[in-house]
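Engineer: protein_32.txt (compact mmCIF, C-alpha atoms) pasted underneath:
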# COMPACT_ATOMS: atom_id res chain seq x y z
CA MET H 16 0.00 0.00 0.00
CA ASN H 17 1.44 3.37 -1.00
CA ASP H 18 1.32 6.58 1.02
CA ALA H 19 -1.69 7.87 -0.89
CA ASP H 20 -3.75 4.87 0.21
CA GLN H 21 -3.14 5.43 3.92
CA SER H 22 -5.64 7.22 6.15
CA PRO H 23 -4.26 10.53 7.52
CA ALA H 24 -5.30 9.46 11.03
CA SER H 25 -3.48 6.13 11.02
CA PRO H 26 0.28 5.72 11.61
CA SER H 27 2.34 5.20 8.47
CA ARG H 28 5.44 3.04 8.30
CA SER H 29 7.60 6.01 9.28
CA ASN H 30 5.22 6.81 12.15
CA GLU H 31 6.07 3.49 13.77
CA SER H 32 9.48 4.96 14.57
CA GLY H 33 7.88 8.01 16.19
CA LEU H 34 7.18 10.30 13.22
CA TYR H 35 3.62 11.68 13.26
CA THR H 36 1.93 14.54 11.49
CA LEU H 37 0.60 17.37 13.65
CA ASP H 38 -2.96 16.17 13.08
CA GLN H 39 -1.98 12.66 14.15
CA ILE H 40 -0.24 13.99 17.28
CA ASP H 41 -3.41 15.89 18.22
CA ALA H 42 -5.45 12.73 17.66
CA VAL H 43 -3.08 10.50 19.68
CA ILE H 44 -3.12 12.92 22.61
CA ARG H 45 -6.91 13.28 22.45
CA VAL H 46 -7.48 9.53 22.41
CA THR H 47 -4.79 8.25 24.78
CA SER H 48 -4.19 11.04 27.34
CA TYR H 49 -6.15 13.17 29.81
CA HIS H 50 -5.55 16.10 32.13
CA ARG H 51 -5.42 15.48 35.89
CA LYS H 52 -8.02 18.00 37.05
CA ASP H 53 -7.72 16.68 40.60
CA PHE H 54 -4.14 17.99 40.78
CA ASP H 55 -5.37 21.50 39.92
CA LEU H 56 -8.06 21.26 42.60
CA ALA H 57 -5.55 20.18 45.27
CA VAL H 58 -3.88 23.62 45.30
CA ILE H 59 -5.24 27.20 45.28
CA HIS H 60 -8.05 27.42 42.75
CA PHE H 61 -11.22 29.40 42.11
CA ASN H 62 -14.72 28.62 40.93
CA PRO H 63 -14.39 29.03 37.14
CA HIS H 64 -17.98 30.20 36.77
CA SER H 65 -17.80 33.06 39.28
CA PHE H 66 -14.26 33.73 38.12
CA ARG H 67 -15.20 34.19 34.48
CA HIS H 68 -16.37 37.81 34.67
CA ILE H 69 -12.92 39.19 35.57
CA ARG H 70 -11.28 37.43 32.62
CA PHE H 71 -12.47 40.23 30.37
CA SER H 72 -11.13 43.05 32.54
CA VAL H 73 -7.60 42.28 33.78
CA PHE H 74 -4.96 43.78 31.46
CA LYS H 75 -7.47 43.80 28.59
CA ARG H 76 -7.65 46.47 25.90
CA ILE H 77 -10.48 49.00 26.05
CA VAL H 78 -11.53 51.88 23.79
CA PRO H 79 -8.87 54.61 24.23
CA ASN H 80 -9.80 58.10 25.38
CA SER H 81 -7.80 60.97 23.92
CA ALA H 82 -8.54 63.07 27.00
CA SER H 83 -6.69 60.73 29.39
CA ASN H 84 -2.92 60.76 29.79
CA LEU H 85 -0.15 59.62 32.13
CA GLY H 86 0.90 63.06 33.31
CA ARG H 87 4.69 63.39 33.48
CA LEU H 88 5.13 59.84 32.21
CA GLU H 89 3.52 60.85 28.91
CA CYS H 90 6.79 62.34 27.67
CA LEU H 91 8.59 59.00 27.87
CA PRO H 92 9.04 56.88 24.73
CA LEU H 93 6.84 53.79 24.52
CA GLU H 94 9.90 51.52 24.76
CA ILE H 95 10.86 53.00 28.13
CA LEU H 96 7.28 52.86 29.41
CA THR H 97 7.17 49.19 28.41
CA SER H 98 10.39 48.45 30.29
CA ILE H 99 9.06 50.22 33.38
CA CYS H 100 5.78 48.32 33.24
CA LEU H 101 7.59 44.98 33.03
CA MET H 102 9.57 45.83 36.17
CA LEU H 103 6.39 46.51 38.13
CA ASP H 104 5.30 43.87 40.58
CA VAL H 105 2.00 42.10 39.88
CA SER H 106 0.10 44.25 42.37
CA ALA H 107 1.49 47.52 41.00
CA GLY H 108 0.80 46.43 37.42
CA PHE H 109 -2.77 45.57 38.38
CA TYR H 110 -3.40 48.98 39.99
CA PHE H 111 -1.55 50.97 37.31
CA CYS H 112 -3.82 49.38 34.73
CA GLN H 113 -6.80 50.93 36.54
CA VAL H 114 -5.45 54.50 36.66
CA ASN H 115 -7.20 55.55 33.45
CA ARG H 116 -7.82 54.52 29.85
CA ARG H 117 -4.35 55.59 28.72
CA ALA H 118 -2.68 53.40 31.36
CA ARG H 119 -4.91 50.47 30.30
CA GLU H 120 -3.97 51.12 26.66
CA ILE H 121 -0.25 50.97 27.49
CA ILE H 122 -0.57 47.80 29.57
CA SER H 123 -2.73 46.00 27.02
CA SER H 124 -0.22 46.78 24.26
CA ILE H 125 2.57 44.87 26.05
CA TRP H 126 2.96 41.26 24.90
CA GLU H 127 3.84 39.88 28.34
CA TYR H 128 0.78 41.42 30.00
CA ARG H 129 -1.52 40.10 27.28
CA GLN H 130 -0.21 36.56 27.61
CA LEU H 131 -0.45 36.64 31.41
CA SER H 132 -4.04 37.86 31.25
CA GLU H 133 -4.88 35.10 28.79
CA HIS H 134 -3.09 32.15 30.37
CA ALA H 135 -2.14 32.99 33.98
CA LEU H 136 -5.20 34.79 35.29
CA GLU H 137 -5.94 32.26 38.05
CA CYS H 138 -2.33 32.48 39.22
CA ILE H 139 -2.50 36.29 39.20
CA CYS H 140 -5.64 36.17 41.35
CA ALA H 141 -3.93 33.74 43.74
CA LEU H 142 -0.94 36.10 44.05
CA LEU H 143 -3.20 39.08 44.73
CA ARG H 144 -5.46 37.35 47.25
CA THR H 145 -2.60 35.75 49.22
CA GLY H 146 -0.64 39.01 49.47
CA ILE H 147 2.34 37.70 47.51
CA ALA H 148 1.72 39.89 44.43
CA PRO H 149 3.90 42.83 45.66
CA HIS H 150 6.89 40.44 45.80
CA VAL H 151 6.64 39.02 42.25
CA SER H 152 7.41 41.16 39.20
CA ILE H 153 5.49 40.92 35.95
CA ASP H 154 8.73 39.94 34.21
CA THR H 155 9.33 37.14 36.73
CA LEU H 156 5.79 35.79 36.35
CA TYR H 157 6.05 35.83 32.56
CA SER H 158 9.37 34.01 32.80
CA ALA H 159 7.65 31.35 34.92
CA LEU H 160 4.80 31.09 32.40
CA THR H 161 7.31 30.37 29.63
CA THR H 162 9.30 27.82 31.66
CA LYS H 163 8.39 24.21 30.89
CA ILE H 164 10.31 22.13 33.43
CA CYS H 165 10.19 21.79 37.20
CA HIS H 166 12.97 23.62 39.04
CA PHE H 167 13.68 20.55 41.18
CA CYS H 168 13.26 17.43 39.05
CA ASN H 169 13.16 18.54 35.39
CA SER H 170 9.70 16.99 34.88
CA PHE H 171 6.95 18.94 33.12
CA SER H 172 5.89 21.75 35.42
CA GLY H 173 2.25 22.76 35.68
CA PHE H 174 2.41 24.66 38.99
CA LEU H 175 3.93 27.67 40.72
CA PHE H 176 5.05 27.86 44.35
CA LEU H 177 3.84 31.40 45.04
CA PRO H 178 6.15 32.69 47.83
CA THR H 179 9.26 32.23 45.67
CA ALA H 180 7.61 32.20 42.21
CA THR H 181 9.27 28.82 41.62
CA ARG H 182 8.15 26.50 38.84
CA CYS H 183 7.38 23.04 40.18
CA CYS H 184 5.49 19.85 39.39
CA PHE H 185 2.74 18.30 41.48
CA SER H 186 4.97 15.46 42.63
CA CYS H 187 7.45 17.94 44.14
CA ILE H 188 4.62 19.73 45.96
CA GLU H 189 3.56 16.38 47.43
CA THR H 190 7.15 15.64 48.52
CA ALA H 191 7.86 19.15 49.79
CA THR H 192 10.09 17.83 52.58
CA THR H 193 12.74 16.84 50.06
CA THR H 194 12.28 19.66 47.54
CA GLY H 195 12.31 22.69 49.84
CA LEU H 196 8.73 23.69 48.99
CA ARG H 197 7.83 23.85 52.66
CA ALA H 198 6.38 26.68 54.69
CA ALA H 199 5.91 27.45 58.37
CA PRO H 200 3.60 29.70 60.42
CA LEU H 201 4.76 33.29 60.83
CA THR H 202 4.44 32.96 64.61
CA LYS H 203 7.03 30.17 64.68
CA LEU H 204 9.53 32.27 62.75
CA SER H 205 8.89 35.32 64.92
CA THR H 206 9.48 33.38 68.14
CA ALA H 207 12.65 31.70 66.90
CA SER H 208 14.20 34.82 65.36
CA GLY H 209 13.11 37.33 67.99
CA VAL H 210 11.70 39.60 65.26
CA SER H 211 8.12 40.82 65.57
CA PRO H 212 5.55 39.73 62.97
CA ARG H 213 5.00 43.38 62.04
CA GLN H 214 8.69 43.83 61.26
CA LEU H 215 8.89 40.55 59.35
CA LYS H 216 6.00 41.65 57.14
CA LYS H 217 8.14 44.58 56.01
CA THR H 218 11.11 42.48 54.98
CA ILE H 219 9.97 39.12 53.56
CA PRO H 220 7.05 37.72 51.54
CA ILE H 221 4.33 36.40 53.84
CA LEU H 222 1.50 34.37 52.36
CA HIS H 223 -2.04 34.73 53.69
CA THR H 224 -3.68 31.36 53.02
CA LEU H 225 -7.13 31.03 51.50
CA PRO H 226 -10.04 28.84 52.69
CA GLY H 227 -10.66 25.74 50.60
CA LYS H 228 -9.89 22.06 50.13
CA TYR H 229 -6.25 21.11 49.67
CA SER H 230 -4.07 18.09 48.84
CA MET H 231 -5.18 14.75 47.42
CA ASP H 232 -6.89 14.07 50.75
CA GLU H 233 -9.16 17.09 50.17
CA VAL H 234 -8.36 18.55 53.58
CA LYS H 235 -10.75 21.42 54.31
CA ARG H 236 -9.38 24.68 55.70
CA THR H 237 -11.80 27.42 56.75
CA ARG H 238 -9.45 29.73 58.63
CA ARG H 239 -6.76 31.85 57.02
CA ALA H 240 -3.20 31.75 58.32
CA LEU H 241 0.07 33.60 57.74
CA VAL H 242 2.88 31.35 56.52
CA VAL H 243 6.45 31.85 55.33
CA ALA H 244 8.38 29.80 52.77
CA GLU H 245 11.29 27.72 54.04
CA THR H 246 13.91 29.68 52.12
CA HIS H 247 12.72 32.98 53.64
CA CYS H 248 12.59 31.44 57.11
CA LEU H 249 16.18 30.31 56.80
CA ASP H 250 17.28 33.77 55.58
CA VAL H 251 15.70 35.42 58.63
CA LEU H 252 17.13 32.87 61.08
CA ARG H 253 20.65 33.21 59.68
CA ARG H 254 20.43 36.99 59.52
CA ASN H 255 19.53 37.02 63.20
CA LYS H 256 22.41 34.70 64.17
CA VAL H 257 20.25 31.70 65.04
CA LYS H 258 22.56 28.69 65.24
CA GLU H 259 21.77 25.72 63.01
CA ALA H 260 18.99 27.51 61.14
CA GLN H 261 18.04 24.43 59.11
CA SER H 262 17.77 22.25 62.21
CA THR H 263 15.66 24.92 63.89
CA PHE H 264 13.28 25.01 60.95
CA ASN H 265 13.12 21.22 60.78
CA SER H 266 12.26 21.05 64.49
CA TRP H 267 9.05 22.99 63.95
CA ARG H 268 6.02 20.81 63.52
CA GLN H 269 5.46 20.77 59.77
CA SER H 270 2.07 20.53 58.13
CA PRO H 271 2.35 19.15 54.59
CA ILE H 272 -0.83 21.03 53.73
CA TRP H 273 1.04 24.37 53.67
CA SER H 274 2.78 23.45 50.40
CA PHE H 275 -0.56 22.95 48.66
CA MET H 276 -1.98 26.14 50.20
CA ALA H 277 1.00 28.11 48.84
CA SER H 278 0.81 26.80 45.25
CA SER H 279 -1.30 27.45 42.19
CA SER H 280 -1.61 25.79 38.80
CA LEU H 281 0.16 27.57 35.94
CA PRO H 282 0.22 26.23 32.38
CA TYR H 283 3.24 26.43 30.11
CA PHE H 284 3.18 28.94 27.25
CA ASP H 285 5.54 28.48 24.31
CA PRO H 286 6.26 31.99 22.98
CA ILE H 287 7.60 30.58 19.70
CA THR H 288 4.60 28.44 18.73
CA ASN H 289 2.04 30.31 20.88
CA GLN H 290 0.95 26.90 22.16
CA ILE H 291 -0.35 26.46 25.70
CA GLU H 292 0.13 23.23 27.66
CA SER H 293 -1.30 22.22 31.03
CA GLY H 294 0.24 18.74 31.05
CA VAL H 295 -1.30 15.37 30.25
CA SER H 296 -1.33 11.93 31.88
CA CYS H 297 -1.65 8.56 30.17
CA LYS H 298 -4.96 6.72 29.92
CA GLY H 299 -2.98 3.57 29.18
CA CYS H 300 -1.13 3.84 32.48
CA GLN H 301 -4.44 4.27 34.30
CA GLN H 302 -5.65 1.13 32.56
CA ALA H 303 -2.48 -0.66 33.66
CA VAL H 304 -3.25 0.24 37.30
CA GLU H 305 -6.75 -1.17 36.97
CA ASP H 306 -5.52 -4.34 35.24
CA ALA H 307 -2.51 -5.10 37.47
CA PRO H 308 -2.06 -2.66 40.38
CA SER H 309 1.50 -2.42 41.62
CA GLU H 310 3.97 0.19 42.85
CA GLU H 311 5.37 0.48 39.33
CA THR H 312 2.00 0.98 37.61
CA HIS H 313 0.96 3.54 40.23
CA ARG H 314 4.21 5.44 39.67
CA ARG H 315 3.59 5.45 35.92
CA ARG H 316 0.02 6.63 36.38
CA GLU H 317 1.05 9.70 38.42
CA ARG H 318 3.41 11.05 35.76
CA VAL H 319 2.47 14.25 33.92
CA TYR H 320 3.91 14.92 30.47
CA SER H 321 4.32 17.72 27.98
CA ARG H 322 3.00 16.93 24.48
CA GLU H 323 6.49 16.07 23.27
CA GLU H 324 7.23 13.89 26.30
CA PHE H 325 3.91 12.12 25.97
CA MET H 326 4.55 11.15 22.36
CA ALA H 327 7.84 9.57 23.45
CA HIS H 328 6.01 7.75 26.27
CA PHE H 329 3.26 6.65 23.87
CA GLN H 330 5.80 4.65 21.87
CA GLN H 331 6.65 2.62 25.00
CA CYS H 332 3.18 2.20 26.54
CA LYS H 333 1.41 -0.85 25.15
CA GLU H 334 -1.89 0.03 26.83
CA ALA H 335 -1.92 3.50 25.24
CA ARG H 336 -1.03 2.05 21.84
CA ASN H 337 -3.86 -0.44 22.25
CA PHE H 338 -6.32 2.42 22.84
CA TRP H 339 -5.03 4.03 19.64
CA VAL H 340 -5.58 0.82 17.68
CA LEU H 341 -9.09 0.37 19.13
CA SER H 342 -9.95 3.95 18.17
CA GLN H 343 -8.95 3.19 14.57
CA GLY H 344 -6.66 6.16 14.43
CA GLY H 345 -8.89 8.43 16.46
CA THR H 346 -12.02 7.88 14.37
CA VAL H 347 -13.98 5.57 16.70
CA PRO H 348 -14.95 6.26 20.35
CA ILE H 349 -13.37 3.92 22.89
CA ARG H 350 -14.28 2.81 26.39
CA GLU H 351 -11.75 4.66 28.52
CA PRO H 352 -10.87 4.14 32.21
CA PHE H 353 -13.37 5.75 34.59
CA LEU H 354 -10.78 7.86 36.45
CA ALA H 355 -9.35 9.11 33.16
CA LYS H 356 -12.81 10.10 32.00
CA ARG H 357 -13.48 12.18 35.12
CA GLY H 358 -9.97 13.69 35.19
CA GLY H 359 -8.77 12.01 38.39
CA TYR H 360 -10.20 11.09 41.78
CA PHE H 361 -12.23 14.14 42.78
CA ASN H 362 -15.93 14.63 42.19
CA GLU H 363 -17.04 17.61 40.14
CA ARG H 364 -16.89 20.63 42.46
CA TYR H 365 -18.17 23.32 40.14
CA PRO H 366 -20.94 21.95 37.90
CA THR H 367 -21.95 24.19 35.04
CA PRO H 368 -24.89 26.41 36.10
CA ILE H 369 -28.17 25.64 34.36
Turn this file's structure into structure tokens for me.
Structural biologist:
Amino acid sequence: MNDADQSPASPSRSNESGLYTLDQIDAVIRVTSYHRKDFDLAVIHFNPHSFRHIRFSVFKRIVPNSASNLGRLECLPLEILTSICLMLDVSAGFYFCQVNRRAREIISSIWEYRQLSEHALECICALLRTGIAPHVSIDTLYSALTTKICHFCNSFSGFLFLPTATRCCFSCIETATTTGLRAAPLTKLSTASGVSPRQLKKTIPILHTLPGKYSMDEVKRTRRALVVAETHCLDVLRRNKVKEAQSTFNSWRQSPIWSFMASSSLPYFDPITNQIESGVSCKGCQQAVEDAPSEETHRRRERVYSREEFMAHFQQCKEARNFWVLSQGGTVPIREPFLAKRGGYFNERYPTPI
């Protein structure tokens, strides 16, 4: 059979060695992968339905008004104004955008602001509501948005640890003890360092937690608390001559829930292709867990991939390849694993309003 006889949705001879057309890649990922929505719900998140109305206001272009201006800043070239706006922290950028129509026009003309408003809005809201926004610059947040891999393990990164604006994966949030993504109550740091909470608030980022359900155990938290990232705790302890700062921090009773309460999901944006990725997991690996549960199959099931990584994994996963065969190249619906169909373990928290 020649190339002209082959269906565009079915792998050709060259595809067997990993070469797929873009349409085939889209079909393979649609048929054999899924997004772990439960991971997103285990960290800071917001009701997407009540959250929708602000999507059309933050950093968005509006009809300009010739009567509005930026006062003394109006004399600056656009290039300099752009550089200044990128150096603003998230909070300052948010408030500057609301000064008048001219300020909104400037902000909405900047590429980085537009991409953040389109792809990182939930993360921006998390930064603002936790009080971390004044400590993270727009440039830093955009850099995180365009970073694909986890800072700690080089896996695909779909999350941001807010206090340090560090790219991380869900696995590293779960194992925060070994990755440094830990946090401690402000009161503990104040007592150990001898510095008052009021003074600490002036010198280091302090995160004000939000009520919600966190971690894969869906632990409910109704009260807000003030917590400090491990790296900032250690800086304060060492600056105040506390001996064995790391041991002091380790001696505090740690709650693994803090790591989830200090993180938010953040997709990856490729500025070259303009493609957005939130990470995918393998339906085949979920099927393997259901067929023959073991430590190895559970480890495989928890992995999150970029599109490129998933296509490499697809070549090695017999269960995923079997789904592809059953789907006849993505043209026939298949019976997929229940957990893959629902996007993980959690029940639907925010059903679409009728």
Engineer: Check the smallest atom-to-atom distance from each of H:Asp53, H:Glu137, H:Asp38, H:Asp154 to Leu101 of chain H using only C-alpha atoms, then report the winner.
Structural biologist: H:Asp154
Engineer: Could you pull the residues within 12 Å of His247 of chain H, counting only C-alpha atoms, minus those fewer than 6 positions along the same chain, as number ranges by chain?
Structural biologist: H: 178-179, 195-201, 204, 208, 215-216, 218-222, 253-254, 260-261, 264
Engineer: With C-alpha atoms retained, write the just-selected residues as a CSV table (one decimal), keeping the file's coordinate frame.
Structural biologist:
chain,number,residue,atom,x,y,z
H,178,PRO,CA,6.2,32.7,47.8
H,179,THR,CA,9.3,32.2,45.7
H,195,GLY,CA,12.3,22.7,49.8
H,196,LEU,CA,8.7,23.7,49.0
H,197,ARG,CA,7.8,23.8,52.7
H,198,ALA,CA,6.4,26.7,54.7
H,199,ALA,CA,5.9,27.4,58.4
H,200,PRO,CA,3.6,29.7,60.4
H,201,LEU,CA,4.8,33.3,60.8
H,204,LEU,CA,9.5,32.3,62.8
H,208,SER,CA,14.2,34.8,65.4
H,215,LEU,CA,8.9,40.6,59.4
H,216,LYS,CA,6.0,41.6,57.1
H,218,THR,CA,11.1,42.5,55.0
H,219,ILE,CA,10.0,39.1,53.6
H,220,PRO,CA,7.0,37.7,51.5
H,221,ILE,CA,4.3,36.4,53.8
H,222,LEU,CA,1.5,34.4,52.4
H,253,ARG,CA,20.6,33.2,59.7
H,254,ARG,CA,20.4,37.0,59.5
H,260,ALA,CA,19.0,27.5,61.1
H,261,GLN,CA,18.0,24.4,59.1
H,264,PHE,CA,13.3,25.0,61.0
Engineer: Residues of segment 238-282 of chain H that approach segment 114-135 of chain H to 9 Å or less, counting all atoms listed in the file: could you list each one with the shortest pair of atoms and its distance in Å to one decimal, rows by chain and increasing residue number, as CSV?
Structural biologist:
residue,atom,partner,partner_atom,distance
H:Ser280,CA,H:Ala135,CA,8.7
H:Leu281,CA,H:Ala135,CA,6.2
H:Pro282,CA,H:His134,CA,7.1
Engineer: Find the distance between atom CA of Thr190 of chain H and atom CA of Phe275 of chain H and write it in Å to one decimal.
Structural biologist: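 We find that atom CA of Thr190 of chain H and atom CA of Phe275 of chain H lie 10.6 Å from each other.
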Engineer: Name the residues in contact with Asn169 of chain H at a cut-off of 12 Å, using all atoms listed in the file, excluding same-chain residues fewer than 6 positions from it; report them as a VMD selection string.
Structural biologist: chain H and resid 162 to 163 182 to 184 186 to 187 319 to 321 324
Engineer: For Phe176 of chain H, which of H:Ser279, H:Gln331, H:Asn255, H:Ser230 is the closest residue, counting only C-alpha atoms?
Structural biologist: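 Selected residue with least distance to Phe176 of chain H: H:Ser279.
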Engineer: So what do you get for atom CA of Cys300 of chain H versus atom CA of Thr161 of chain H, distance-wise?
Structural biologist: 28.0 Å
